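*Asks:* Structure file start_22.cif (mmCIF, C-alpha atoms) is given on the next line.
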data_structure
#
loop_
_atom_site.label_atom_id
_atom_site.label_comp_id
_atom_site.auth_asym_id
_atom_site.auth_seq_id
_atom_site.Cartn_x
_atom_site.Cartn_y
_atom_site.Cartn_z
CA MET A 17 -25.09 -38.24 -48.61
CA ILE A 18 -24.87 -34.71 -50.00
CA TYR A 19 -27.71 -33.53 -52.26
CA VAL A 20 -27.64 -30.39 -54.42
CA PHE A 21 -30.92 -28.96 -55.76
CA THR A 22 -30.12 -26.24 -58.27
CA GLY A 23 -31.42 -24.68 -61.51
CA ASN A 24 -33.91 -21.95 -62.37
CA GLY A 25 -37.10 -24.02 -62.02
CA LYS A 26 -39.68 -23.99 -59.25
CA GLY A 27 -39.54 -26.66 -56.55
CA LYS A 28 -36.07 -26.66 -54.96
CA THR A 29 -36.97 -25.44 -51.46
CA THR A 30 -40.27 -27.33 -51.41
CA SER A 31 -38.44 -30.47 -52.49
CA ALA A 32 -36.06 -30.15 -49.53
CA ILE A 33 -39.07 -29.64 -47.23
CA GLY A 34 -40.80 -32.70 -48.69
CA GLN A 35 -37.65 -34.73 -48.09
CA ALA A 36 -37.74 -33.53 -44.46
CA ILE A 37 -41.37 -34.66 -44.16
CA ARG A 38 -40.27 -38.11 -45.33
CA VAL A 39 -37.32 -38.20 -42.92
CA ILE A 40 -39.28 -37.17 -39.81
CA GLY A 41 -41.91 -39.78 -40.71
CA GLN A 42 -39.18 -42.38 -40.25
CA GLY A 43 -38.60 -41.04 -36.72
CA ARG A 44 -35.57 -38.90 -37.53
CA ARG A 45 -34.58 -35.28 -36.92
CA VAL A 46 -34.16 -32.41 -39.36
CA ALA A 47 -32.85 -28.84 -39.13
CA MET A 48 -33.39 -26.38 -41.97
CA PHE A 49 -31.40 -23.16 -42.23
CA GLN A 50 -32.45 -20.55 -44.78
CA PHE A 51 -29.94 -18.09 -46.20
CA ILE A 52 -31.11 -14.87 -47.91
CA LYS A 53 -34.68 -15.22 -46.62
CA SER A 54 -35.41 -12.82 -43.76
CA LYS A 55 -37.55 -13.20 -40.67
CA GLU A 56 -39.90 -10.36 -41.63
CA TRP A 57 -41.56 -12.34 -44.39
CA GLU A 58 -43.61 -15.18 -42.88
CA THR A 59 -44.08 -18.14 -45.18
CA GLY A 60 -46.66 -20.90 -45.21
CA GLU A 61 -44.02 -23.59 -44.75
CA GLU A 62 -42.76 -21.81 -41.64
CA LYS A 63 -46.17 -21.94 -40.01
CA THR A 64 -46.56 -25.66 -40.69
CA ILE A 65 -43.01 -26.57 -39.69
CA SER A 66 -43.30 -24.71 -36.38
CA SER A 67 -45.95 -27.27 -35.38
CA PHE A 68 -43.43 -30.13 -35.48
CA GLY A 69 -41.41 -28.92 -32.48
CA LYS A 70 -37.91 -30.28 -31.98
CA ILE A 71 -37.96 -32.96 -34.68
CA PHE A 72 -38.00 -30.36 -37.49
CA SER A 73 -36.55 -26.92 -36.81
CA LEU A 74 -36.45 -24.04 -39.28
CA GLU A 75 -34.33 -20.94 -38.92
CA LYS A 76 -34.15 -18.00 -41.31
CA GLY A 77 -30.89 -16.07 -41.24
CA GLY A 78 -30.88 -13.72 -44.22
CA SER A 79 -31.48 -10.01 -44.71
CA GLY A 80 -33.76 -10.48 -47.70
CA PHE A 81 -33.17 -10.30 -51.45
CA VAL A 82 -29.71 -9.07 -52.44
CA GLY A 83 -29.52 -6.25 -55.00
CA ILE A 84 -33.02 -6.95 -56.39
CA MET A 85 -36.66 -6.39 -55.43
CA GLY A 86 -35.98 -2.95 -53.91
CA ASP A 87 -33.07 -4.08 -51.71
CA LYS A 88 -31.28 -0.97 -50.36
CA LEU A 89 -28.85 -2.65 -47.95
CA PRO A 90 -25.11 -2.37 -48.59
CA LYS A 91 -23.60 -5.65 -49.80
CA LYS A 92 -21.38 -5.63 -46.68
CA VAL A 93 -24.47 -5.99 -44.49
CA HIS A 94 -25.64 -9.05 -46.41
CA GLU A 95 -22.14 -10.51 -46.13
CA LYS A 96 -22.02 -9.98 -42.40
CA THR A 97 -25.48 -11.49 -41.95
CA ALA A 98 -24.51 -14.59 -43.94
CA LYS A 99 -21.20 -15.05 -42.12
CA ASN A 100 -22.87 -14.72 -38.71
CA PHE A 101 -25.55 -17.18 -39.76
CA LEU A 102 -22.89 -19.67 -40.82
CA LYS A 103 -21.31 -19.45 -37.36
CA LYS A 104 -24.70 -20.03 -35.77
CA ILE A 105 -25.32 -23.08 -37.97
CA LYS A 106 -21.92 -24.53 -37.04
CA LYS A 107 -22.82 -24.30 -33.37
CA ALA A 108 -26.27 -25.81 -33.97
CA VAL A 109 -25.08 -28.81 -35.97
CA ALA A 110 -22.34 -29.54 -33.42
CA ARG A 111 -24.86 -29.46 -30.57
CA LYS A 112 -27.78 -31.41 -32.04
CA LYS A 113 -27.95 -35.00 -33.25
CA LEU A 114 -29.43 -34.56 -36.72
CA ASP A 115 -30.28 -36.91 -39.57
CA LEU A 116 -30.79 -34.23 -42.21
CA VAL A 117 -29.45 -30.68 -42.46
CA ILE A 118 -30.99 -28.43 -45.11
CA LEU A 119 -28.94 -25.41 -46.18
CA ASP A 120 -31.60 -23.56 -48.16
CA GLU A 121 -30.49 -20.94 -50.70
CA ILE A 122 -26.86 -21.47 -49.70
CA ASN A 123 -25.95 -21.77 -53.40
CA VAL A 124 -27.29 -18.25 -53.91
CA ALA A 125 -25.27 -16.95 -50.95
CA LEU A 126 -22.22 -18.56 -52.57
CA PHE A 127 -22.98 -17.22 -56.03
CA LEU A 128 -23.37 -13.68 -54.62
CA LYS A 129 -20.10 -14.16 -52.71
CA LEU A 130 -21.71 -13.47 -49.33
CA ILE A 131 -19.83 -16.56 -48.15
CA SER A 132 -17.00 -18.57 -49.71
CA ILE A 133 -16.67 -22.18 -50.82
CA LYS A 134 -14.12 -22.54 -48.03
CA ASP A 135 -16.76 -21.43 -45.48
CA VAL A 136 -19.19 -24.04 -46.77
CA LEU A 137 -16.64 -26.85 -46.85
CA SER A 138 -15.64 -26.11 -43.26
CA LEU A 139 -19.31 -26.35 -42.26
CA ILE A 140 -19.81 -29.64 -44.11
CA LYS A 141 -16.68 -31.00 -42.42
CA ILE A 142 -18.19 -30.71 -38.93
CA ILE A 143 -21.44 -32.45 -39.95
CA PRO A 144 -21.12 -36.24 -39.34
CA PRO A 145 -21.04 -38.30 -42.57
CA SER A 146 -24.14 -40.20 -41.39
CA THR A 147 -26.14 -36.95 -41.57
CA ASP A 148 -27.61 -36.14 -44.98
CA ILE A 149 -27.15 -32.60 -46.26
CA ILE A 150 -29.25 -30.78 -48.88
CA LEU A 151 -27.90 -27.57 -50.45
CA THR A 152 -30.48 -25.63 -52.45
CA GLY A 153 -30.52 -22.56 -54.67
CA ARG A 154 -29.88 -21.69 -58.28
CA ASN A 155 -26.37 -21.27 -59.70
CA ALA A 156 -24.68 -23.90 -57.54
CA PRO A 157 -20.91 -23.50 -58.04
CA LYS A 158 -19.06 -26.31 -59.82
CA LYS A 159 -17.10 -27.16 -56.68
CA ILE A 160 -20.36 -27.79 -54.78
CA LYS A 161 -21.64 -30.10 -57.52
CA GLN A 162 -18.35 -31.99 -57.41
CA ILE A 163 -18.59 -32.82 -53.70
CA ALA A 164 -22.27 -33.82 -54.00
CA ASP A 165 -23.45 -37.42 -54.27
CA LEU A 166 -26.67 -36.37 -56.01
CA VAL A 167 -27.39 -33.28 -58.11
CA THR A 168 -30.80 -32.44 -59.54
CA GLU A 169 -31.13 -29.50 -61.88
CA PHE A 170 -34.62 -27.97 -61.70
CA LYS A 171 -35.17 -26.65 -65.19
CA ALA A 172 -37.97 -24.16 -65.87
CA ILE A 173 -39.58 -25.41 -69.08
CA LYS A 174 -42.60 -23.16 -68.68
CA HIS A 175 -43.01 -20.59 -65.90
CA PRO A 176 -45.86 -18.09 -65.31
CA PHE A 177 -43.40 -15.43 -64.06
CA ASP A 178 -42.26 -15.25 -67.70
CA LYS A 179 -45.74 -13.90 -68.40
CA GLY A 180 -45.45 -11.34 -65.57
CA VAL A 181 -47.47 -13.17 -62.92
CA ALA A 182 -46.35 -12.16 -59.40
CA GLY A 183 -45.55 -14.57 -56.55
CA THR A 184 -48.68 -15.34 -54.54
CA LYS A 185 -49.40 -16.43 -50.97
CA GLY A 186 -49.61 -20.20 -50.68
CA ARG A 187 -47.89 -20.68 -54.00
CA GLU A 188 -44.46 -19.07 -53.77
CA TYR A 189 -44.38 -18.49 -49.99
CA MET B 2 -52.81 -23.06 -61.86
CA ILE B 3 -51.61 -26.39 -63.22
CA TYR B 4 -48.07 -27.50 -62.34
CA VAL B 5 -46.18 -30.37 -63.97
CA PHE B 6 -43.11 -31.83 -62.23
CA THR B 7 -41.39 -34.24 -64.61
CA GLY B 8 -37.91 -35.48 -65.58
CA ASN B 9 -35.62 -38.25 -64.34
CA GLY B 10 -34.17 -36.39 -61.34
CA LYS B 11 -34.91 -36.86 -57.64
CA GLY B 12 -37.33 -34.49 -55.93
CA LYS B 13 -40.64 -34.49 -57.83
CA THR B 14 -42.88 -36.12 -55.23
CA THR B 15 -41.10 -34.42 -52.33
CA SER B 16 -41.48 -31.08 -54.10
CA ALA B 17 -45.23 -31.59 -54.35
CA ILE B 18 -45.33 -32.51 -50.65
CA GLY B 19 -43.30 -29.41 -49.76
CA GLN B 20 -45.74 -27.29 -51.75
CA ALA B 21 -48.56 -28.87 -49.73
CA ILE B 22 -46.75 -27.98 -46.48
CA ARG B 23 -46.64 -24.36 -47.68
CA VAL B 24 -50.30 -24.38 -48.69
CA ILE B 25 -51.64 -25.84 -45.44
CA GLY B 26 -49.51 -23.29 -43.53
CA GLN B 27 -51.62 -20.62 -45.19
CA GLY B 28 -54.76 -22.28 -43.80
CA ARG B 29 -55.74 -24.15 -46.94
CA ARG B 30 -56.61 -27.76 -47.79
CA VAL B 31 -54.72 -30.33 -49.82
CA ALA B 32 -55.47 -33.81 -51.13
CA MET B 33 -52.73 -35.99 -52.59
CA PHE B 34 -53.49 -39.05 -54.69
CA GLN B 35 -50.69 -41.43 -55.59
CA PHE B 36 -50.85 -43.58 -58.70
CA ILE B 37 -48.61 -46.68 -59.08
CA LYS B 38 -47.61 -46.65 -55.40
CA SER B 39 -49.36 -49.38 -53.42
CA LYS B 40 -50.63 -49.43 -49.87
CA GLU B 41 -48.34 -52.27 -48.83
CA TRP B 42 -45.25 -50.11 -48.85
CA GLU B 43 -45.43 -47.58 -46.00
CA THR B 44 -43.45 -44.41 -46.63
CA GLY B 45 -42.07 -41.80 -44.25
CA GLU B 46 -44.13 -39.03 -45.84
CA GLU B 47 -47.28 -41.08 -45.27
CA LYS B 48 -46.64 -41.31 -41.55
CA THR B 49 -46.05 -37.55 -41.23
CA ILE B 50 -48.98 -36.58 -43.44
CA SER B 51 -51.41 -38.78 -41.50
CA SER B 52 -50.83 -36.49 -38.50
CA PHE B 53 -52.37 -33.50 -40.32
CA GLY B 54 -55.89 -34.90 -40.36
CA LYS B 55 -58.41 -33.44 -42.77
CA ILE B 56 -56.33 -30.49 -44.00
CA PHE B 57 -53.89 -32.78 -45.85
CA SER B 58 -55.09 -36.18 -46.99
CA LEU B 59 -53.00 -38.77 -48.80
CA GLU B 60 -54.35 -41.77 -50.65
CA LYS B 61 -52.38 -44.44 -52.48
CA GLY B 62 -54.22 -46.17 -55.29
CA GLY B 63 -51.68 -48.18 -57.26
CA SER B 64 -50.73 -51.86 -57.47
CA GLY B 65 -46.99 -51.19 -57.28
CA PHE B 66 -44.29 -50.94 -59.93
CA VAL B 67 -45.43 -51.88 -63.43
CA GLY B 68 -43.33 -54.37 -65.35
CA ILE B 69 -40.20 -53.73 -63.26
CA MET B 70 -38.80 -54.62 -59.81
CA GLY B 71 -40.27 -58.13 -59.88
CA ASP B 72 -43.81 -57.09 -60.84
CA LYS B 73 -45.77 -60.20 -61.85
CA LEU B 74 -49.25 -58.65 -62.24
CA PRO B 75 -50.88 -58.67 -65.68
CA LYS B 76 -50.94 -55.20 -67.24
CA LYS B 77 -54.76 -55.43 -67.27
CA VAL B 78 -54.78 -55.48 -63.46
CA HIS B 79 -52.70 -52.30 -63.27
CA GLU B 80 -55.04 -50.68 -65.79
CA LYS B 81 -58.12 -51.59 -63.80
CA THR B 82 -56.54 -50.34 -60.58
CA ALA B 83 -55.65 -46.99 -62.18
CA LYS B 84 -59.08 -46.53 -63.76
CA ASN B 85 -60.86 -47.32 -60.50
CA PHE B 86 -58.58 -44.91 -58.65
CA LEU B 87 -59.40 -42.19 -61.15
CA LYS B 88 -63.12 -42.70 -60.47
CA LYS B 89 -62.47 -42.46 -56.75
CA ILE B 90 -60.48 -39.24 -57.19
CA LYS B 91 -63.29 -37.72 -59.26
CA LYS B 92 -65.74 -38.38 -56.46
CA ALA B 93 -63.34 -37.01 -53.82
CA VAL B 94 -62.56 -33.74 -55.62
CA ALA B 95 -66.25 -33.15 -56.31
CA ARG B 96 -67.12 -33.67 -52.63
CA LYS B 97 -64.32 -31.74 -50.89
CA LYS B 98 -63.42 -28.05 -51.09
CA LEU B 99 -59.72 -28.21 -51.92
CA ASP B 100 -57.04 -25.61 -52.62
CA LEU B 101 -54.47 -28.03 -53.99
CA VAL B 102 -54.85 -31.45 -55.61
CA ILE B 103 -51.68 -33.50 -56.11
CA LEU B 104 -51.84 -36.26 -58.72
CA ASP B 105 -48.60 -38.03 -57.90
CA GLU B 106 -47.03 -40.31 -60.54
CA ILE B 107 -49.98 -39.70 -62.84
CA ASN B 108 -47.52 -38.94 -65.66
CA VAL B 109 -46.14 -42.46 -65.26
CA ALA B 110 -49.66 -43.95 -65.34
CA LEU B 111 -50.20 -42.01 -68.57
CA PHE B 112 -46.88 -43.01 -70.08
CA LEU B 113 -47.61 -46.68 -69.33
CA LYS B 114 -51.10 -46.22 -70.85
CA LEU B 115 -52.86 -47.38 -67.66
CA ILE B 116 -55.07 -44.33 -68.19
CA SER B 117 -55.55 -42.02 -71.17
CA ILE B 118 -55.03 -38.30 -71.68
CA LYS B 119 -58.81 -38.10 -72.12
CA ASP B 120 -59.28 -39.61 -68.64
CA VAL B 121 -56.96 -37.02 -67.11
CA LEU B 122 -58.54 -34.08 -68.94
CA SER B 123 -61.99 -35.14 -67.76
CA LEU B 124 -60.68 -35.21 -64.18
CA ILE B 125 -59.07 -31.77 -64.49
CA LYS B 126 -62.33 -30.44 -65.91
CA ILE B 127 -64.26 -31.18 -62.73
CA ILE B 128 -61.64 -29.52 -60.49
CA PRO B 129 -62.53 -25.82 -59.99
CA PRO B 130 -60.05 -23.42 -61.69
CA SER B 131 -59.31 -21.82 -58.30
CA THR B 132 -57.83 -25.15 -57.12
CA ASP B 133 -54.17 -25.66 -57.97
CA ILE B 134 -53.20 -29.02 -59.46
CA ILE B 135 -49.77 -30.67 -59.45
CA LEU B 136 -49.11 -33.61 -61.77
CA THR B 137 -45.89 -35.48 -61.04
CA GLY B 138 -43.88 -38.27 -62.62
CA ARG B 139 -41.29 -38.73 -65.30
CA ASN B 140 -42.16 -38.80 -69.01
CA ALA B 141 -45.03 -36.31 -68.85
CA PRO B 142 -46.78 -36.45 -72.25
CA LYS B 143 -46.57 -33.35 -74.47
CA LYS B 144 -50.30 -32.73 -74.17
CA ILE B 145 -49.99 -32.51 -70.37
CA LYS B 146 -47.14 -29.99 -70.65
CA GLN B 147 -49.26 -27.97 -73.06
CA ILE B 148 -52.17 -27.53 -70.66
CA ALA B 149 -49.83 -26.72 -67.72
CA ASP B 150 -49.11 -23.18 -66.54
CA LEU B 151 -45.79 -24.23 -65.04
CA VAL B 152 -43.49 -27.10 -66.00
CA THR B 153 -40.31 -27.97 -64.13
CA GLU B 154 -38.05 -30.66 -65.51
CA PHE B 155 -36.09 -32.39 -62.76
CA LYS B 156 -32.86 -33.36 -64.45
CA ALA B 157 -30.54 -35.91 -62.84
CA ILE B 158 -27.07 -34.41 -63.24
CA LYS B 159 -25.51 -36.86 -60.79
CA HIS B 160 -27.36 -39.73 -59.13
CA PRO B 161 -26.05 -42.41 -56.75
CA PHE B 162 -28.34 -45.05 -58.32
CA ASP B 163 -26.01 -44.76 -61.32
CA LYS B 164 -23.38 -46.22 -59.04
CA GLY B 165 -25.71 -49.04 -57.94
CA VAL B 166 -26.81 -47.62 -54.58
CA ALA B 167 -30.26 -48.94 -53.59
CA GLY B 168 -33.17 -46.82 -52.33
CA THR B 169 -33.03 -46.45 -48.56
CA LYS B 170 -35.56 -45.80 -45.81
CA GLY B 171 -35.89 -42.08 -45.06
CA ARG B 172 -34.22 -41.17 -48.33
CA GLU B 173 -36.30 -42.60 -51.15
CA TYR B 174 -39.38 -43.57 -49.11
#
Give the structure from the file, written as structure tokens.

*Replies:*
Amino acid sequence: MIYVFTGNGKGKTTSAIGQAIRVIGQGRRVAMFQFIKSKEWETGEEKTISSFGKIFSLEKGGSGFVGIMGDKLPKKVHEKTAKNFLKKIKKAVARKKLDLVILDEINVALFLKLISIKDVLSLIKIIPPSTDIILTGRNAPKKIKQIADLVTEFKAIKHPFDKGVAGTKGREY
Amino acid sequence: MIYVFTGNGKGKTTSAIGQAIRVIGQGRRVAMFQFIKSKEWETGEEKTISSFGKIFSLEKGGSGFVGIMGDKLPKKVHEKTAKNFLKKIKKAVARKKLDLVILDEINVALFLKLISIKDVLSLIKIIPPSTDIILTGRNAPKKIKQIADLVTEFKAIKHPFDKGVAGTKGREY
């Protein structure tokens, strides 16, 4: 089963994490791979997930925000980071027996053209059909929605960032 | 901060759980209270959450689906269950120092008129403003959206249940 969580509303990454919490409770194994997000920024979810050991792994493989929030890196660097991360994920999913693979913010990496649809399809191809896959991030390309079994659009009806409230510890990270 | 997660799409409850995972990672405390859902049906998330001990508690206080899925209970029984649960929650939030309170499926309890808007407002009133609150469930009443700081509508763009696929262990529970 392939799930896509997209849209501009809050809750996509946390929803994937909550799904993982459900899955490991049923005695299964999860691996989460985060595009865009970089290792330098430690999140609350990371701290909790690290306590689960092998049954729920989390790896961040991005170089941070792309072209926004003071990002000074050339686009090429972000591209290289994303492509290398994709290779790493391919190796990981081939090696481990997993019940759920979360590709967090991969839709954003696609939208920014750090990786191609072809790259993503070749990754999905090596994941066994019995393994569920969740792809998160706003602006999911049409092609990704087409191959999905389930698509939820997270729509921001009301959002405090509209009023200029900044992301805070324990709320947005 | 008051969050409302509503809409017909998958991911509302799991999103609240993921938010809790983030919050406890930052050293804070969470209590989740589930309306509608009954104790007889053990979920994957329940098993995982029970391992966190005091920092993340989960309590189910419903009598199961209302008027659907073979429910034979009189509506009055569901009402009584919901009202008693609300009393219990009031006591719990007054006693514990919490950073996040999750009122799962409370929007459904409201929509089905098991409890009233007045009941919910009186509960919110006794929760300190520094404590975040998440209210989940489809069909959130307008009044609830009005008092919220953040509203995400989870919109089902594509859903396998449309094709007659049943809920499965580790996916929907």

*Asks:* Residue by residue, what does the PyMOL selection byres ((chain A and resi 60-67) around 6) grab here? Present the result as an mmCIF file with C-alpha atoms, in the frame of the given file.

*Replies:*
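Contents of result.cif, as written:
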data_model
loop_
_atom_site.group_PDB
_atom_site.id
_atom_site.type_symbol
_atom_site.label_atom_id
_atom_site.label_comp_id
_atom_site.auth_asym_id
_atom_site.auth_seq_id
_atom_site.Cartn_x
_atom_site.Cartn_y
_atom_site.Cartn_z
ATOM 1 C CA THR A 59 -44.080 -18.140 -45.180
ATOM 2 C CA PHE A 68 -43.430 -30.130 -35.480
ATOM 3 C CA GLY A 69 -41.410 -28.920 -32.480
ATOM 4 C CA TYR A 189 -44.380 -18.490 -49.990
ATOM 5 C CA ILE B 22 -46.750 -27.980 -46.480
ATOM 6 C CA ARG B 23 -46.640 -24.360 -47.680
ATOM 7 C CA GLY B 26 -49.510 -23.290 -43.530
ATOM 8 C CA GLN B 27 -51.620 -20.620 -45.190
#

*Asks:* As an exercise, work out the distance from CA of Lys38 (chain B) to CA of Lys119 (chain B) in Å and give it to one decimal place.

*Replies:*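 Going from CA of Lys38 (chain B) over to CA of Lys119 (chain B) covers 21.9 Å.
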
*Asks:* Dump as JSON lines the rows for residues of chain A within 8 Å of chain B: closest atom pair and distance in Å with one decimal, all atoms listed in the file counted, ordered by chain and rising residue number.

*Replies:*
{"residue": "A:Gly25", "atom": "CA", "partner": "B:Thr153", "partner_atom": "CA", "distance": 5.5}
{"residue": "A:Lys26", "atom": "CA", "partner": "B:Thr153", "partner_atom": "CA", "distance": 6.3}
{"residue": "A:Gly27", "atom": "CA", "partner": "B:Ser16", "partner_atom": "CA", "distance": 5.4}
{"residue": "A:Lys28", "atom": "CA", "partner": "B:Ser16", "partner_atom": "CA", "distance": 7.0}
{"residue": "A:Thr29", "atom": "CA", "partner": "B:Gly19", "partner_atom": "CA", "distance": 7.7}
{"residue": "A:Thr30", "atom": "CA", "partner": "B:Gly19", "partner_atom": "CA", "distance": 4.0}
{"residue": "A:Ser31", "atom": "CA", "partner": "B:Ser16", "partner_atom": "CA", "distance": 3.5}
{"residue": "A:Ala32", "atom": "CA", "partner": "B:Ser16", "partner_atom": "CA", "distance": 7.2}
{"residue": "A:Ile33", "atom": "CA", "partner": "B:Gly19", "partner_atom": "CA", "distance": 4.9}
{"residue": "A:Gly34", "atom": "CA", "partner": "B:Thr15", "partner_atom": "CA", "distance": 4.0}
{"residue": "A:Gln35", "atom": "CA", "partner": "B:Thr15", "partner_atom": "CA", "distance": 5.5}
{"residue": "A:Ile37", "atom": "CA", "partner": "B:Glu46", "partner_atom": "CA", "distance": 5.4}
{"residue": "A:Arg38", "atom": "CA", "partner": "B:Glu46", "partner_atom": "CA", "distance": 4.0}
{"residue": "A:Val39", "atom": "CA", "partner": "B:Gly171", "partner_atom": "CA", "distance": 4.7}
{"residue": "A:Ile40", "atom": "CA", "partner": "B:Thr49", "partner_atom": "CA", "distance": 6.9}
{"residue": "A:Gly41", "atom": "CA", "partner": "B:Gly45", "partner_atom": "CA", "distance": 4.1}
{"residue": "A:Gln42", "atom": "CA", "partner": "B:Gly45", "partner_atom": "CA", "distance": 5.0}
{"residue": "A:Thr59", "atom": "CA", "partner": "B:Arg23", "partner_atom": "CA", "distance": 7.2}
{"residue": "A:Gly60", "atom": "CA", "partner": "B:Gly26", "partner_atom": "CA", "distance": 4.1}
{"residue": "A:Glu61", "atom": "CA", "partner": "B:Arg23", "partner_atom": "CA", "distance": 4.0}
{"residue": "A:Glu62", "atom": "CA", "partner": "B:Gly26", "partner_atom": "CA", "distance": 7.2}
{"residue": "A:Lys63", "atom": "CA", "partner": "B:Gly26", "partner_atom": "CA", "distance": 5.0}
{"residue": "A:Thr64", "atom": "CA", "partner": "B:Gly26", "partner_atom": "CA", "distance": 4.7}
{"residue": "A:Ile65", "atom": "CA", "partner": "B:Ile22", "partner_atom": "CA", "distance": 7.9}
{"residue": "A:Asp165", "atom": "CA", "partner": "B:Pro161", "partner_atom": "CA", "distance": 6.1}
{"residue": "A:Leu166", "atom": "CA", "partner": "B:His160", "partner_atom": "CA", "distance": 4.6}
{"residue": "A:Val167", "atom": "CA", "partner": "B:Lys159", "partner_atom": "CA", "distance": 4.9}
{"residue": "A:Thr168", "atom": "CA", "partner": "B:Ala157", "partner_atom": "CA", "distance": 4.8}
{"residue": "A:Glu169", "atom": "CA", "partner": "B:Lys156", "partner_atom": "CA", "distance": 4.9}
{"residue": "A:Phe170", "atom": "CA", "partner": "B:Phe155", "partner_atom": "CA", "distance": 4.8}
{"residue": "A:Lys171", "atom": "CA", "partner": "B:Glu154", "partner_atom": "CA", "distance": 4.9}
{"residue": "A:Ala172", "atom": "CA", "partner": "B:Thr153", "partner_atom": "CA", "distance": 4.8}
{"residue": "A:Ile173", "atom": "CA", "partner": "B:Val152", "partner_atom": "CA", "distance": 5.3}
{"residue": "A:Lys174", "atom": "CA", "partner": "B:Val152", "partner_atom": "CA", "distance": 4.8}
{"residue": "A:His175", "atom": "CA", "partner": "B:Leu151", "partner_atom": "CA", "distance": 4.7}
{"residue": "A:Pro176", "atom": "CA", "partner": "B:Leu151", "partner_atom": "CA", "distance": 6.1}
{"residue": "A:Lys185", "atom": "CA", "partner": "B:Gln27", "partner_atom": "CA", "distance": 7.5}
{"residue": "A:Gly186", "atom": "CA", "partner": "B:Val24", "partner_atom": "CA", "distance": 4.7}
{"residue": "A:Arg187", "atom": "CA", "partner": "B:Val24", "partner_atom": "CA", "distance": 6.9}
{"residue": "A:Tyr189", "atom": "CA", "partner": "B:Arg23", "partner_atom": "CA", "distance": 6.7}

*Asks:* Find the distance between CA of Ser132 (chain A) and CA of Phe101 (chain A) and write it in Å to one decimal.

*Replies:*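 CA of Phe101 (chain A) lies at a distance of 13.2 Å from CA of Ser132 (chain A).
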
*Asks:* Evaluate the PyMOL selection byres ((chain A and resi 50) around 12) on the structure here and hand back the selected residues as a VMD selection string.

*Replies:* chain A and resid 29 32 to 33 47 to 49 51 to 55 59 61 to 62 73 to 80 97 to 98 101 to 102 104 to 105 117 to 125 150 to 153

*Asks:* List as a list in words the protein and nucleic acid residues near Pro144 (chain A), meaning an atom at most 10 Å away when all atoms listed in the file are counted, but skip any in the same chain fewer than 4 places from it.

*Replies:*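 Once the adjacent positions are removed, what remains is Val109, Ala110, Lys113, Leu114, Asp115, Ile140, Asp148 and Ile149 of chain A.
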